[in-house]
$ cat model-v1.csv   # CSV, C-alpha atoms
chain,number,residue,atom,x,y,z
B,751,MET,CA,71.6,41.7,-16.4
B,752,ALA,CA,70.2,43.8,-19.2
B,753,THR,CA,66.6,44.9,-19.0
B,754,MET,CA,64.1,43.1,-21.1
B,755,ALA,CA,61.7,44.9,-23.4
B,756,PHE,CA,58.5,43.0,-22.8
B,757,ASP,CA,56.2,45.8,-21.7
B,758,ASP,CA,52.6,44.9,-22.3
B,759,LEU,CA,50.2,47.8,-21.9
B,760,LEU,CA,47.3,45.4,-21.8
B,761,GLY,CA,48.6,43.6,-18.7
B,762,GLY,CA,49.9,40.5,-20.3
B,763,PRO,CA,51.9,37.9,-18.3
B,764,PRO,CA,55.4,38.6,-17.2
B,765,PRO,CA,58.3,36.8,-19.0
B,766,THR,CA,58.8,33.2,-18.0
B,767,LEU,CA,62.4,32.7,-16.7
B,768,LEU,CA,63.5,29.1,-16.4
B,769,PRO,CA,65.9,28.0,-13.7
B,770,PRO,CA,69.5,27.1,-14.7
B,771,ASP,CA,69.7,24.1,-17.0
B,772,PRO,CA,71.4,21.1,-15.3
B,773,ALA,CA,73.2,20.2,-18.6
B,774,ALA,CA,74.7,23.6,-19.3
B,775,ALA,CA,77.9,23.0,-17.3
B,776,ALA,CA,78.6,19.6,-18.8
B,777,LEU,CA,78.0,20.9,-22.3
B,778,ALA,CA,80.2,23.9,-21.7
B,779,ALA,CA,83.0,21.5,-20.6
B,780,ALA,CA,82.7,19.7,-24.0
B,781,ALA,CA,81.1,16.6,-22.6
B,782,ASP,CA,79.5,14.2,-25.2
B,783,PRO,CA,76.1,15.8,-26.0
B,784,GLN,CA,74.4,12.4,-26.3
B,785,GLN,CA,75.7,11.3,-22.9
B,786,VAL,CA,74.6,14.7,-21.5
B,787,ALA,CA,71.1,14.2,-22.8
B,788,ARG,CA,71.0,10.6,-21.3
B,789,ASP,CA,72.2,12.0,-18.0
B,790,ASN,CA,69.8,14.9,-18.0
B,791,PRO,CA,66.7,13.8,-19.9
B,792,SER,CA,64.6,16.8,-18.7
B,793,SER,CA,67.2,19.3,-20.1
B,794,SER,CA,66.0,21.0,-23.3
B,795,LEU,CA,69.5,22.3,-23.8
B,796,GLY,CA,70.9,18.7,-24.0
B,797,TRP,CA,68.2,17.7,-26.5
B,798,ALA,CA,68.8,20.9,-28.5
B,799,VAL,CA,72.4,20.2,-28.9
B,800,VAL,CA,71.9,16.6,-30.1
B,801,ALA,CA,69.0,17.7,-32.4
B,802,GLU,CA,71.2,20.5,-34.0
B,803,SER,CA,74.0,18.0,-34.4
B,804,ALA,CA,71.8,15.4,-36.1
B,805,LEU,CA,70.4,18.1,-38.4
B,806,ALA,CA,73.8,19.3,-39.3
B,807,ALA,CA,74.7,15.7,-40.2
B,808,GLY,CA,71.7,15.5,-42.5
B,809,GLU,CA,69.8,13.1,-40.2
B,810,ASP,CA,66.5,14.8,-40.5
B,811,LEU,CA,64.3,12.3,-38.8
B,812,THR,CA,66.7,11.8,-35.9
B,813,GLY,CA,67.0,15.6,-35.5
B,814,TYR,CA,63.2,15.9,-35.6
B,815,ALA,CA,62.8,13.3,-32.9
B,816,PHE,CA,65.5,14.9,-30.6
B,817,ALA,CA,64.0,18.4,-31.2
B,818,ARG,CA,60.5,17.1,-30.4
B,819,VAL,CA,61.6,15.5,-27.1
B,820,GLY,CA,63.4,18.7,-26.1
B,821,TYR,CA,60.4,20.8,-27.1
B,822,HIS,CA,58.1,18.8,-24.9
B,823,ARG,CA,60.5,18.7,-22.0
B,824,GLY,CA,60.8,22.5,-22.3
B,825,LEU,CA,57.0,23.0,-22.3
B,826,ASP,CA,56.9,20.9,-19.1
B,827,ALA,CA,59.6,23.2,-17.5
B,828,LEU,CA,57.8,26.3,-18.6
B,829,ARG,CA,54.5,25.2,-17.1
B,830,ARG,CA,56.3,24.3,-13.8
B,831,ASN,CA,57.6,27.8,-13.8
B,832,GLY,CA,54.3,29.6,-14.2
B,833,TRP,CA,53.9,29.8,-18.0
B,834,LYS,CA,50.2,29.5,-18.9
B,835,GLY,CA,50.6,28.6,-22.6
B,836,PHE,CA,51.3,32.1,-23.8
B,837,GLY,CA,53.5,35.1,-23.0
B,838,PRO,CA,57.2,36.0,-23.4
B,839,VAL,CA,60.0,33.5,-23.0
B,840,PRO,CA,63.0,35.8,-23.5
B,841,TRP,CA,66.0,34.5,-25.4
B,842,SER,CA,68.2,36.9,-23.4
B,843,HIS,CA,67.6,34.7,-20.3
B,844,GLU,CA,70.2,31.9,-20.9
B,845,PRO,CA,68.3,29.1,-19.3
B,846,ASN,CA,65.4,29.7,-21.8
B,847,GLN,CA,67.7,29.1,-24.7
B,848,GLY,CA,67.5,25.3,-24.6
B,849,PHE,CA,63.7,25.4,-25.1
B,850,LEU,CA,63.9,28.1,-27.8
B,851,ARG,CA,66.7,26.2,-29.6
B,852,CYS,CA,64.6,23.0,-29.6
B,853,LEU,CA,61.7,25.0,-31.0
B,854,ALA,CA,63.9,26.4,-33.8
B,855,ALA,CA,65.3,22.9,-34.5
B,856,LEU,CA,61.8,21.5,-34.6
B,857,ALA,CA,60.8,24.1,-37.2
B,858,ASN,CA,63.8,23.4,-39.3
B,859,ALA,CA,63.4,19.6,-39.1
B,860,SER,CA,59.7,19.8,-39.8
B,861,GLU,CA,60.4,21.7,-43.0
B,862,ARG,CA,63.0,19.2,-44.0
B,863,ILE,CA,60.6,16.3,-43.7
B,864,GLY,CA,57.9,18.1,-45.5
B,865,ASP,CA,55.6,19.1,-42.6
B,866,VAL,CA,55.4,22.8,-43.7
B,867,ASP,CA,52.4,23.6,-41.5
B,868,GLU,CA,54.3,22.4,-38.4
B,869,ALA,CA,57.4,24.3,-39.4
B,870,GLU,CA,55.4,27.5,-39.8
B,871,ARG,CA,53.6,26.9,-36.5
B,872,CYS,CA,56.9,26.4,-34.7
B,873,ARG,CA,58.4,29.6,-36.3
B,874,GLN,CA,55.4,31.6,-35.3
B,875,PHE,CA,55.6,30.2,-31.7
B,876,LEU,CA,59.3,31.2,-31.6
B,877,VAL,CA,58.5,34.7,-32.6
B,878,ASP,CA,55.6,34.8,-30.1
B,879,CYS,CA,58.0,33.7,-27.3
B,880,ASP,CA,60.6,36.3,-28.2
B,881,PRO,CA,60.8,38.3,-31.5
B,882,GLU,CA,64.5,38.6,-30.9
B,883,ALA,CA,65.1,34.8,-30.7
B,884,PRO,CA,67.2,33.5,-33.6
B,885,ILE,CA,65.1,31.4,-35.9
B,886,ALA,CA,67.9,29.5,-37.7
$ encode --input "model-v1.csv" --output "structure tokens"
Amino acid sequence: MATMAFDDLLGGPPPTLLPPDPAAAALAAAADPQQVARDNPSSSLGWAVVAESALAAGEDLTGYAFARVGYHRGLDALRRNGWKGFGPVPWSHEPNQGFLRCLAALANASERIGDVDEAERCRQFLVDCDPEAPIA
């Protein structure tokens, strides 16, 4: 695995690395994303995929709701794995990508429904987690 550039000279928290996402294998095997989310409700990755799909279809409120669920399930997982509400959540660690994708989808959906403050907060949170995380 590549080294991660999260050096903090002030002694900040180490990066939070989530365990493998239980939905990843089913999604990689092209299973129906909505069924995957039903079967794995704690999976941020499952919620990210259905949120992104809804947003791509122009279903802004549905995408927002799916992204919001995945975001909160991801926060729960981060806390269970030592995250204290701040610190790096690296995109390069694949199991973190579900949460980060939900956060990006939530930013996009929030903007679409006119909640500009929430969209900006989510984008800033994404950058705070990992400046290399894709925002779109």
$ residues_around --input "model-v1.csv" --residues "region 795-802 of chain B" --least-positions-apart "5" --cutoff "12 Å" --atoms "all atoms listed in the file" --output "PyMOL selection string"
chain B and resi 768+770-778+780-790+807-824+827+844-859+886
$ closest_residue --input "model-v1.csv" --among "B:Gly835, B:Gly761, B:Pro769, B:Pro791" --to "Asp878 (chain B)" --atoms "only C-alpha atoms"
B:Gly835
$ atom_distance --input "model-v1.csv" --atom1 "CA of Asn831 (chain B)" --atom2 "CA of Pro765 (chain B)"
10.4 Å
$ atom_distance --input "model-v1.csv" --atom1 "CA of Glu861 (chain B)" --atom2 "CA of Ala806 (chain B)"
14.1 Å
$ closest_residue --input "model-v1.csv" --among "B:Val877, B:Leu825, B:Ala779, B:Ile885" --to "Pro838 (chain B)" --atoms "only C-alpha atoms"
B:Val877
$ atom_distance --input "model-v1.csv" --atom1 "CA of Arg873 (chain B)" --atom2 "CA of Ser803 (chain B)"
19.5 Å
$ closest_residue --input "model-v1.csv" --among "B:Cys879, B:Ile863, B:Ala804, B:Ser792" --to "Phe836 (chain B)" --atoms "only C-alpha atoms"
B:Cys879
$ closest_residue --input "model-v1.csv" --among "B:Ser860, B:Glu870, B:Trp841, B:Asp865" --to "Ala883 (chain B)" --atoms "only C-alpha atoms"
B:Trp841
